[in-house]
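Visitor: What follows is start.cif, made up of mmCIF, C-alpha atoms:
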data_upload
#
loop_
_atom_site.label_atom_id
_atom_site.label_comp_id
_atom_site.auth_asym_id
_atom_site.auth_seq_id
_atom_site.Cartn_x
_atom_site.Cartn_y
_atom_site.Cartn_z
CA MET A 3 -62.40 29.60 135.17
CA MET A 4 -61.88 32.04 132.31
CA ARG A 5 -64.63 33.32 130.07
CA GLY A 6 -65.07 31.84 126.59
CA SER A 7 -63.53 28.50 125.64
CA PRO A 8 -63.34 26.12 128.62
CA LEU A 9 -59.88 25.32 129.92
CA PRO A 10 -58.89 21.66 129.53
CA SER A 11 -58.73 19.96 132.90
CA ARG A 12 -55.03 19.12 132.70
CA PHE A 13 -52.49 21.86 132.04
CA PRO A 14 -48.87 20.69 131.65
CA PRO A 15 -46.12 21.83 134.03
CA CYS A 16 -45.02 25.13 132.57
CA ALA A 17 -41.99 27.45 132.65
CA ILE A 18 -40.90 30.55 130.73
CA LEU A 19 -37.65 31.47 129.01
CA GLY A 20 -37.87 35.24 128.89
CA VAL A 21 -36.94 38.52 130.53
CA ALA A 22 -37.53 39.21 134.21
CA GLY A 23 -40.25 41.82 134.66
CA ASP A 24 -41.38 41.68 131.02
CA GLU A 25 -45.03 42.46 130.32
CA ARG A 26 -45.48 39.33 128.21
CA ALA A 27 -44.47 36.97 130.99
CA GLY A 28 -46.59 38.96 133.41
CA GLY A 29 -49.61 38.72 131.14
CA PHE A 30 -49.19 34.99 130.70
CA ASN A 31 -48.84 34.36 134.42
CA ALA A 32 -51.87 36.55 135.12
CA ALA A 33 -53.85 34.39 132.69
CA LEU A 34 -52.66 31.26 134.49
CA ALA A 35 -53.79 32.75 137.80
CA ARG A 36 -57.24 33.57 136.44
CA ALA A 37 -57.50 29.94 135.34
CA GLY A 38 -56.68 28.77 138.85
CA LEU A 39 -53.20 27.57 137.85
CA PRO A 40 -49.86 28.25 139.55
CA PRO A 41 -47.47 30.80 138.01
CA ALA A 42 -44.85 29.60 135.57
CA PRO A 43 -41.28 30.06 136.86
CA LEU A 44 -39.16 32.25 134.59
CA LEU A 45 -35.55 31.74 133.56
CA ASP A 46 -34.09 35.05 132.41
CA TYR A 47 -32.15 34.94 129.14
CA ALA A 48 -29.08 36.40 130.86
CA ASP A 49 -29.17 33.72 133.55
CA PHE A 50 -29.66 31.05 130.91
CA ALA A 51 -26.64 32.33 128.96
CA GLU A 52 -24.55 32.13 132.13
CA ALA A 53 -25.70 28.62 133.11
CA PRO A 54 -27.75 26.92 130.36
CA GLU A 55 -28.20 23.74 132.41
CA ARG A 56 -30.72 25.63 134.56
CA ILE A 57 -33.33 25.09 131.87
CA ALA A 58 -33.64 21.38 132.65
CA ALA A 59 -34.08 22.07 136.36
CA LEU A 60 -37.36 23.86 135.59
CA PHE A 61 -38.89 20.47 134.72
CA PRO A 62 -38.16 18.04 137.60
CA GLU A 63 -40.89 15.70 136.34
CA GLY A 64 -39.21 15.45 132.93
CA HIS A 65 -42.18 16.71 130.93
CA GLY A 66 -44.15 19.89 130.40
CA LEU A 67 -44.26 23.11 128.40
CA LEU A 68 -41.62 25.80 127.86
CA ARG A 69 -43.03 29.15 126.82
CA VAL A 70 -40.34 30.96 124.80
CA ASP A 71 -40.73 34.73 125.07
CA SER A 72 -39.11 37.66 123.31
CA PRO A 73 -35.59 38.53 124.52
CA GLY A 74 -36.48 42.22 124.18
CA ALA A 75 -33.89 44.94 123.74
CA GLU A 76 -32.33 45.42 127.19
CA PRO A 77 -28.55 45.92 126.84
CA ARG A 78 -27.81 43.25 129.48
CA ILE A 79 -29.80 40.66 127.49
CA ARG A 80 -28.20 41.72 124.21
CA ARG A 81 -24.74 41.34 125.73
CA ALA A 82 -25.58 37.93 127.19
CA LEU A 83 -26.99 36.60 123.93
CA ALA A 84 -24.16 37.98 121.82
CA HIS A 85 -21.63 36.39 124.17
CA LEU A 86 -23.48 33.08 123.90
CA GLY A 87 -23.16 33.38 120.13
CA GLY A 88 -19.40 33.92 120.39
CA ALA A 89 -19.23 37.73 120.18
CA ASP A 90 -18.69 40.58 122.63
CA LEU A 91 -20.71 43.75 122.21
CA ASP A 92 -19.58 47.25 123.06
CA GLU A 93 -22.90 48.45 124.37
CA ALA A 94 -21.69 51.90 125.47
CA GLY A 95 -22.97 51.39 128.98
CA ASN A 96 -26.67 50.74 129.33
CA ASP A 97 -27.92 52.84 126.42
CA ALA A 98 -31.02 50.97 125.29
CA THR A 99 -31.84 53.55 122.60
CA ARG A 100 -28.68 53.11 120.52
CA LEU A 101 -29.27 51.28 117.25
CA ARG A 102 -26.64 48.74 116.19
CA PRO A 103 -26.29 45.85 113.76
CA ASP A 104 -28.02 42.92 115.45
CA HIS A 105 -26.29 40.02 113.72
CA ALA A 106 -24.46 38.99 116.90
CA VAL A 107 -27.60 39.13 119.04
CA GLN A 108 -29.56 37.15 116.46
CA SER A 109 -26.82 34.52 116.33
CA GLY A 110 -26.86 34.35 120.11
CA LEU A 111 -30.62 33.89 120.23
CA SER A 112 -30.34 31.04 117.72
CA ALA A 113 -27.58 29.52 119.84
CA ALA A 114 -29.74 29.86 122.97
CA LEU A 115 -32.69 28.07 121.40
CA ALA A 116 -30.44 25.35 119.98
CA LEU A 117 -29.07 24.81 123.50
CA CYS A 118 -32.63 24.53 124.78
CA ARG A 119 -33.31 21.82 122.24
CA ARG A 120 -30.34 19.82 123.51
CA LEU A 121 -30.82 20.43 127.24
CA LEU A 122 -34.56 20.19 127.74
CA PRO A 123 -35.87 16.83 128.96
CA PRO A 124 -37.34 14.86 126.04
CA GLY A 125 -40.83 15.18 127.51
CA VAL A 126 -40.88 18.99 127.25
CA VAL A 127 -42.55 20.79 124.33
CA ALA A 128 -41.62 24.40 123.56
CA THR A 129 -43.86 27.04 122.04
CA HIS A 130 -41.35 28.16 119.39
CA ALA A 131 -39.13 26.29 116.96
CA PRO A 132 -35.61 27.78 116.67
CA GLY A 133 -35.68 27.79 112.88
CA THR A 134 -38.94 29.71 112.79
CA VAL A 135 -37.71 32.30 115.28
CA ALA A 136 -34.53 32.83 113.25
CA LEU A 137 -36.54 33.20 110.04
CA LEU A 138 -39.05 35.68 111.41
CA TYR A 139 -36.39 37.80 113.11
CA ASP A 140 -34.66 38.29 109.75
CA LYS A 141 -36.79 40.74 107.76
CA ARG A 142 -35.04 39.94 104.49
CA ALA A 143 -35.42 36.18 104.89
CA CYS A 144 -38.98 36.47 106.20
CA HIS A 145 -40.00 38.62 103.22
CA ALA A 146 -38.55 36.03 100.85
CA ALA A 147 -40.30 33.19 102.69
CA MET A 148 -43.68 34.92 102.57
CA ARG A 149 -43.23 35.61 98.88
CA ALA A 150 -42.24 31.98 98.23
CA ALA A 151 -45.40 30.88 100.06
CA GLY A 152 -47.50 32.95 97.68
CA LEU A 153 -48.36 35.76 100.08
CA PRO A 154 -48.63 39.26 98.57
CA VAL A 155 -45.64 41.30 99.74
CA PRO A 156 -44.11 44.60 98.62
CA ARG A 157 -41.44 44.50 95.94
CA ALA A 158 -38.01 44.07 97.54
CA LEU A 159 -34.90 45.88 96.35
CA PRO A 160 -31.37 44.45 96.48
CA PRO A 161 -29.37 45.30 99.63
CA ALA A 162 -27.70 48.71 99.37
CA GLY A 163 -24.72 49.86 101.39
CA SER A 164 -25.24 53.59 100.95
CA PHE A 165 -27.84 56.17 100.03
CA ALA A 166 -26.14 56.69 96.68
CA ALA A 167 -26.44 52.99 95.85
CA LEU A 168 -30.06 52.95 97.00
CA ALA A 169 -30.92 56.02 94.90
CA GLU A 170 -29.48 54.27 91.85
CA ALA A 171 -31.51 51.14 92.63
CA LEU A 172 -34.65 53.27 92.94
CA ARG A 173 -34.04 54.82 89.54
CA ALA A 174 -33.49 51.40 87.98
CA ALA A 175 -36.70 50.06 89.58
CA GLY A 176 -38.77 53.11 88.69
CA LEU A 177 -39.65 53.73 92.35
CA SER A 178 -39.64 56.93 94.37
CA ARG A 179 -40.85 55.70 97.79
CA VAL A 180 -39.56 52.80 99.88
CA PHE A 181 -39.27 51.61 103.45
CA VAL A 182 -35.74 51.09 104.76
CA LYS A 183 -35.76 48.62 107.67
CA PRO A 184 -32.88 47.35 109.82
CA ARG A 185 -32.70 43.67 108.96
CA PHE A 186 -33.01 42.46 112.57
CA GLY A 187 -34.87 45.39 114.14
CA SER A 188 -38.18 45.39 116.00
CA GLY A 189 -40.81 47.87 117.13
CA ALA A 190 -40.16 50.11 114.10
CA ALA A 191 -36.80 51.06 115.65
CA GLY A 192 -34.64 52.44 112.87
CA ILE A 193 -37.25 52.14 110.11
CA ALA A 194 -37.43 55.04 107.64
CA ALA A 195 -40.20 55.80 105.16
CA LEU A 196 -38.14 57.35 102.37
CA THR A 197 -39.21 59.50 99.42
CA VAL A 198 -36.70 60.35 96.69
CA ALA A 199 -38.34 62.54 94.07
CA ARG A 200 -37.79 65.68 92.01
CA GLY A 201 -39.24 67.68 94.84
CA GLY A 202 -36.50 66.51 97.16
CA ILE A 203 -35.54 63.80 99.61
CA GLU A 204 -37.56 63.15 102.76
CA ALA A 205 -37.41 60.49 105.45
CA VAL A 206 -39.92 59.81 108.23
CA SER A 207 -38.33 57.84 111.06
CA SER A 208 -37.91 57.50 114.81
CA ALA A 209 -34.16 57.15 114.23
CA GLU A 210 -31.99 60.15 114.97
CA LEU A 211 -28.30 60.78 114.40
CA GLY A 212 -26.45 61.98 117.45
CA PRO A 213 -22.89 63.24 118.00
CA GLY A 214 -20.29 61.17 116.19
CA GLY A 215 -22.91 59.76 113.85
CA VAL A 216 -24.36 57.48 116.54
CA LEU A 217 -27.86 56.32 115.59
CA HIS A 218 -30.57 56.28 118.25
CA HIS A 219 -34.20 55.19 118.48
CA SER A 220 -35.88 58.36 119.76
CA HIS A 221 -39.36 56.82 120.29
CA ARG A 222 -40.87 59.71 118.32
CA LEU A 223 -41.34 60.21 114.61
CA ARG A 224 -39.86 63.19 112.81
CA ARG A 225 -39.30 64.26 109.22
CA THR A 226 -35.86 65.01 107.86
CA ARG A 227 -35.09 66.42 104.44
CA GLY A 228 -32.21 66.90 102.08
CA ALA A 229 -28.70 66.21 103.34
CA GLU A 230 -29.98 65.37 106.83
CA ALA A 231 -32.23 62.66 105.40
CA VAL A 232 -29.38 61.30 103.27
CA ALA A 233 -27.11 61.04 106.33
CA LEU A 234 -29.84 59.33 108.33
CA VAL A 235 -30.56 56.74 105.64
CA ASP A 236 -26.83 56.13 105.16
CA ALA A 237 -26.60 55.28 108.87
CA ILE A 238 -29.61 52.94 108.73
CA LEU A 239 -28.24 51.16 105.67
CA ALA A 240 -24.97 50.64 107.54
CA LEU A 241 -26.90 48.43 109.99
CA ASP A 242 -27.64 46.02 107.11
CA ALA A 243 -31.12 46.97 105.96
CA HIS A 244 -33.98 45.39 104.08
CA VAL A 245 -35.54 47.75 101.52
CA GLU A 246 -39.03 47.31 100.08
CA GLN A 247 -41.51 49.28 98.04
CA TRP A 248 -43.78 51.65 99.96
CA VAL A 249 -47.26 50.26 99.25
CA PRO A 250 -50.05 52.76 100.05
CA LYS A 251 -52.45 51.45 102.70
CA ALA A 252 -56.20 51.88 102.90
CA ALA A 253 -57.24 54.77 105.15
CA LEU A 254 -59.93 55.37 107.75
CA ASP A 255 -60.94 58.98 108.31
CA GLY A 256 -57.99 60.04 106.19
CA ARG A 257 -55.47 58.10 108.29
CA PRO A 258 -53.49 55.19 106.75
CA CYS A 259 -54.07 51.99 108.70
CA ASP A 260 -52.82 48.43 109.01
CA LEU A 261 -53.47 45.39 111.18
CA ARG A 262 -51.66 43.23 113.71
CA VAL A 263 -53.16 39.75 113.35
CA LEU A 264 -52.32 37.03 115.87
CA VAL A 265 -52.61 33.38 114.80
CA VAL A 266 -52.64 30.93 117.73
CA ASP A 267 -52.55 27.17 117.19
CA GLY A 268 -53.45 27.68 113.54
CA GLU A 269 -56.49 29.87 114.24
CA VAL A 270 -56.75 33.60 113.54
CA ALA A 271 -57.40 35.10 116.96
CA HIS A 272 -56.78 38.68 118.12
CA THR A 273 -56.70 41.47 115.54
CA VAL A 274 -56.05 45.14 116.22
CA LEU A 275 -56.24 48.02 113.76
CA ARG A 276 -53.57 50.72 113.95
CA SER A 277 -53.90 54.08 112.20
CA ALA A 278 -51.63 57.11 111.97
CA ALA A 279 -51.32 60.48 110.32
CA GLY A 280 -48.28 59.20 108.41
CA PRO A 281 -46.81 55.98 107.04
CA ILE A 282 -45.67 54.36 110.34
CA THR A 283 -48.55 53.14 112.51
CA ASN A 284 -46.82 51.58 115.54
CA LEU A 285 -48.79 52.37 118.66
CA ASP A 286 -45.74 53.38 120.70
CA LEU A 287 -44.87 55.92 118.01
CA GLY A 288 -48.19 57.76 118.04
CA GLY A 289 -50.42 55.33 116.18
CA ARG A 290 -54.03 55.03 117.29
CA ARG A 291 -55.79 51.81 118.15
CA ALA A 292 -59.20 51.12 116.60
CA GLU A 293 -61.60 48.24 116.17
CA ALA A 294 -60.62 46.02 113.25
CA ASP A 295 -64.30 45.55 112.40
CA SER A 296 -64.48 49.19 111.32
CA LEU A 297 -62.17 48.34 108.43
CA ARG A 298 -63.71 44.93 107.84
CA ALA A 299 -67.11 46.57 107.25
CA LEU A 300 -65.66 48.62 104.38
CA ALA A 301 -63.67 45.83 102.70
CA ALA A 302 -64.75 44.36 99.38
CA PRO A 303 -66.56 40.99 99.61
CA GLY A 304 -64.06 38.22 100.28
CA ALA A 305 -61.11 40.57 100.87
CA TRP A 306 -61.08 40.19 104.65
CA GLU A 307 -61.34 36.43 104.64
CA ALA A 308 -58.64 36.19 101.93
CA MET A 309 -56.28 38.11 104.23
CA ARG A 310 -57.12 35.87 107.19
CA GLU A 311 -56.67 32.73 105.09
CA ASP A 312 -53.18 33.87 104.04
CA CYS A 313 -52.32 34.39 107.72
CA ARG A 314 -53.47 30.86 108.52
CA ARG A 315 -51.66 29.42 105.53
CA PHE A 316 -48.26 30.90 106.40
CA ALA A 317 -48.62 30.00 110.08
CA ALA A 318 -49.39 26.41 108.99
CA CYS A 319 -45.94 26.30 107.37
CA HIS A 320 -44.55 26.45 110.93
CA PRO A 321 -46.67 24.00 112.94
CA ASP A 322 -44.13 23.69 115.76
CA THR A 323 -44.44 27.38 116.61
CA PHE A 324 -47.52 27.99 118.75
CA HIS A 325 -48.29 31.55 117.68
CA VAL A 326 -47.28 33.89 114.85
CA ALA A 327 -48.32 37.54 114.45
CA PHE A 328 -48.57 39.39 111.15
CA ASP A 329 -48.37 43.03 110.13
CA VAL A 330 -50.69 43.26 107.13
CA ALA A 331 -52.79 45.95 105.45
CA LEU A 332 -55.61 46.28 103.00
CA THR A 333 -54.50 48.42 100.09
CA ILE A 334 -56.26 51.44 98.63
CA GLY A 335 -59.57 50.28 97.20
CA LEU A 336 -60.00 47.73 100.03
CA ARG A 337 -59.94 44.80 97.61
CA ARG A 338 -56.45 43.40 98.20
CA HIS A 339 -54.03 42.95 101.06
CA VAL A 340 -50.26 43.12 101.48
CA PHE A 341 -48.02 41.54 104.14
CA PHE A 342 -45.16 43.52 105.64
CA GLU A 343 -43.80 41.28 108.39
CA ALA A 344 -44.38 38.15 110.45
CA ASN A 345 -43.41 38.15 114.13
CA ALA A 346 -42.43 35.28 116.40
CA PHE A 347 -43.27 37.25 119.56
CA GLY A 348 -46.10 39.53 118.47
CA ASP A 349 -48.70 38.57 121.08
CA LEU A 350 -48.43 41.71 123.23
CA ILE A 351 -51.83 43.00 122.08
CA ARG A 352 -53.59 45.08 124.69
CA ARG A 353 -57.32 45.61 125.20
CA VAL A 354 -58.42 43.19 122.46
CA ARG A 355 -60.41 40.01 123.06
CA HIS A 356 -61.17 36.93 121.01
CA ARG A 357 -64.16 34.87 122.10
CA GLY A 358 -64.11 36.84 125.34
CA LEU A 359 -60.44 36.11 126.16
CA ASP A 360 -57.35 38.30 126.04
CA PRO A 361 -54.31 36.97 124.09
CA TYR A 362 -52.77 35.20 127.08
CA GLU A 363 -56.04 33.73 128.34
CA TRP A 364 -56.64 32.37 124.83
CA GLN A 365 -53.17 30.82 124.76
CA VAL A 366 -53.68 29.19 128.15
CA ALA A 367 -56.93 27.72 126.83
CA ARG A 368 -55.34 26.34 123.67
CA LEU A 369 -51.94 25.16 124.92
CA PRO A 370 -52.90 21.78 126.46
CA GLY A 371 -54.40 20.52 123.20
CA TRP A 372 -51.48 21.88 121.17
CA VAL A 373 -48.93 20.24 123.46
CA ALA A 374 -50.82 16.93 123.46
CA ALA A 375 -50.75 16.87 119.66
CA ARG A 376 -46.95 17.04 119.57
CA LYS A 377 -44.42 14.34 120.28
CA PRO A 378 -42.39 15.51 123.28
CA ALA A 379 -38.98 16.05 121.77
CA GLY A 380 -37.86 19.37 123.22
CA LEU A 381 -37.55 22.24 120.82
CA ALA A 382 -38.22 21.25 117.22
CA ALA A 383 -35.49 22.10 114.75
#
Please express what this file holds, its structure, as structure tokens.
Guide:
Amino acid sequence: MMRGSPLPSRFPPCAILGVAGDERAGGFNAALARAGLPPAPLLDYADFAEAPERIAALFPEGHGLLRVDSPGAEPRIRRALAHLGGADLDEAGNDATRLRPDHAVQSGLSAALALCRRLLPPGVVATHAPGTVALLYDKRACHAAMRAAGLPVPRALPPAGSFAALAEALRAAGLSRVFVKPRFGSGAAGIAALTVARGGIEAVSSAELGPGGVLHHSHRLRRTRGAEAVALVDAILALDAHVEQWVPKAALDGRPCDLRVLVVDGEVAHTVLRSAAGPITNLDLGGRRAEADSLRALAAPGAWEAMREDCRRFAACHPDTFHVAFDVALTIGLRRHVFFEANAFGDLIRRVRHRGLDPYEWQVARLPGWVAARKPAGLAA
């Protein structure tokens, strides 16, 4: 039996739609094992795309739970999903670092989840609704949805097809600093923190331009200036990018910081603080992990709970999606907060516990009650 909340006595038959060998599926199955439960069989996205009917075979009893995991960024999965969505990708071999427009992959993922809805036995409940996944994968649409829900978000600029068009939009908006984000990207791949000022042009990004203008995710941040920065931003904008105002974050020990907040079954659960020397805090790009309570202790009265309440409120707009993760920050002064993104698959949070449980143990504890509260109708639309 796991620490913390007791596990309900009856856990539904469970399977995973995900990626073979992925850390998320491994973490979930490890949590099942610690609870004395059998592992959940996994259907790889590529295998599903080849033979979708395999999904029903995972539930011979006609009822249960399908955990929908992230498709990740492996070229073989991207190709399979794009093909399922009616497109063929030229992936240039198995280059997982190359950045490309992800419209075809996103369409394929939506097609895959729609197929699940049709093919799953009616007694199976899935952790993610297709419409919610599609919304949260689309940074432009997600930003608009959070704003419509009343969440504080950075000011968005109209889509720009080139650096010249973006520079003109910046002048019209009276802004000098923005974030340029590939519309369907993840893990900060391709994001640029851009400054356009009298002192010059500078971009901080993990994206790098290679021979022939091919854009790659280098997994390391670097600064480019002048014409090199212009060329880099031009290439990112060509991917179809979302552009938003660069809102200064509160800092700890002189390092800007933000939060990844996981909401599970409507409850704010695991929260990790990420800090960095620069504007991009992702842990795989050099950000440092810290205890969220160190920031909470400095926040103005009510500011922390207001941020958590906004997380709960937006997650409640999507009740048929079991967990949603947010990238959010307190602003300078520690009195207000600002949301940057919401993530459908943001539960890969290491070395953080909530009520004594890691993210996957907490999900295993909460899933039976969540499933029981839903009419078994496959994937919700």
Visitor: With the PyMOL selection byres ((chain A and resi 67) around 9) as the selection, what would be picked from this file? Answer as a PyMOL selection string, please.
Guide: chain A and resi 14-18+61+65-66+68-69+125-129+369-370+373
Visitor: Please list as a PDB file with C-alpha atoms, keeping the file's coordinate frame every residue within 7 Å of Val198 of chain A, counting only C-alpha atoms and excluding residues in the same chain fewer than 5 positions away.
Guide:
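Here's the written file part-v3.pdb:
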ATOM      1  CA  SER A 178     -39.640  56.930  94.370  1.00  0.00           C
ATOM      2  CA  ARG A 179     -40.850  55.700  97.790  1.00  0.00           C
ATOM      3  CA  ILE A 203     -35.540  63.800  99.610  1.00  0.00           C
ATOM      4  CA  GLU A 204     -37.560  63.150 102.760  1.00  0.00           C
TER       5      GLU A 204
END
Visitor: Any chance you could work out the residue set of the PyMOL selection byres ((chain A and resi 34) around 12) here, as an mmCIF file with C-alpha atoms, in the frame of the given file?
Guide:
data_model
loop_
_atom_site.group_PDB
_atom_site.id
_atom_site.type_symbol
_atom_site.label_atom_id
_atom_site.label_comp_id
_atom_site.auth_asym_id
_atom_site.auth_seq_id
_atom_site.Cartn_x
_atom_site.Cartn_y
_atom_site.Cartn_z
ATOM 1 C CA MET A 3 -62.400 29.600 135.170
ATOM 2 C CA MET A 4 -61.880 32.040 132.310
ATOM 3 C CA LEU A 9 -59.880 25.320 129.920
ATOM 4 C CA PHE A 13 -52.490 21.860 132.040
ATOM 5 C CA PRO A 14 -48.870 20.690 131.650
ATOM 6 C CA PRO A 15 -46.120 21.830 134.030
ATOM 7 C CA CYS A 16 -45.020 25.130 132.570
ATOM 8 C CA ALA A 17 -41.990 27.450 132.650
ATOM 9 C CA ALA A 27 -44.470 36.970 130.990
ATOM 10 C CA GLY A 28 -46.590 38.960 133.410
ATOM 11 C CA GLY A 29 -49.610 38.720 131.140
ATOM 12 C CA PHE A 30 -49.190 34.990 130.700
ATOM 13 C CA ASN A 31 -48.840 34.360 134.420
ATOM 14 C CA ALA A 32 -51.870 36.550 135.120
ATOM 15 C CA ALA A 33 -53.850 34.390 132.690
ATOM 16 C CA ALA A 35 -53.790 32.750 137.800
ATOM 17 C CA ARG A 36 -57.240 33.570 136.440
ATOM 18 C CA ALA A 37 -57.500 29.940 135.340
ATOM 19 C CA GLY A 38 -56.680 28.770 138.850
ATOM 20 C CA LEU A 39 -53.200 27.570 137.850
ATOM 21 C CA PRO A 40 -49.860 28.250 139.550
ATOM 22 C CA PRO A 41 -47.470 30.800 138.010
ATOM 23 C CA ALA A 42 -44.850 29.600 135.570
ATOM 24 C CA PRO A 43 -41.280 30.060 136.860
ATOM 25 C CA ASP A 360 -57.350 38.300 126.040
ATOM 26 C CA PRO A 361 -54.310 36.970 124.090
ATOM 27 C CA TYR A 362 -52.770 35.200 127.080
ATOM 28 C CA GLU A 363 -56.040 33.730 128.340
ATOM 29 C CA TRP A 364 -56.640 32.370 124.830
ATOM 30 C CA GLN A 365 -53.170 30.820 124.760
ATOM 31 C CA VAL A 366 -53.680 29.190 128.150
ATOM 32 C CA ALA A 367 -56.930 27.720 126.830
ATOM 33 C CA LEU A 369 -51.940 25.160 124.920
#
Visitor: Just want the 10 Å neighbourhood of segment 210-216 of chain A, counted on only C-alpha atoms, with same-chain residues fewer than 4 positions away dropped. Output as a ChimeraX atom specification.
Guide: /A:100-102,192,220-224,226,230-231,233-235,237-238
Visitor: Show which residues sit within 9 Å of His145 of chain A, as JSON, numbers by chain. Count all atoms listed in the file, and ignore same-chain residues fewer than 5 positions away.
Guide: {"A": [138, 140, 150, 155, 156, 158, 341, 342, 343, 344]}
Visitor: For Leu172 of chain A, work out the shell of residues within 12 Å, counting only C-alpha atoms and skipping chain neighbours fewer than 3 positions away, then give it as a PyMOL selection string.
Guide: chain A and resi 157-162+165-169+175-181+196-199+245-248
Visitor: Could you please determine the separation between atom CA of Arg276 of chain A and atom CA of Asp329 of chain A in Å, to one decimal place?
Guide: 10.0 Å
Visitor: So the first atom is atom CA of Pro281 of chain A and the second is atom CA of Leu332 of chain A; what is the distance between them in Å, to one decimal place?
Guide: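 Answer for the atom CA of Pro281 of chain A to atom CA of Leu332 of chain A separation: 13.7 Å.
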Visitor: Quick one: residues within 10 Å of Ile282 of chain A, only C-alpha atoms counted, chain neighbours fewer than 3 positions away excluded, as a list in words?
Guide: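 The residues satisfying every condition are Phe181, Ala190, Ile193, Ala194, Ala195, Val206, Ser207, Ser208, Leu223, Pro258, Cys259, Asp260, Arg276, Ser277, Ala278, Ala279, Leu285, Leu287, Gly288 and Gly289 of chain A.
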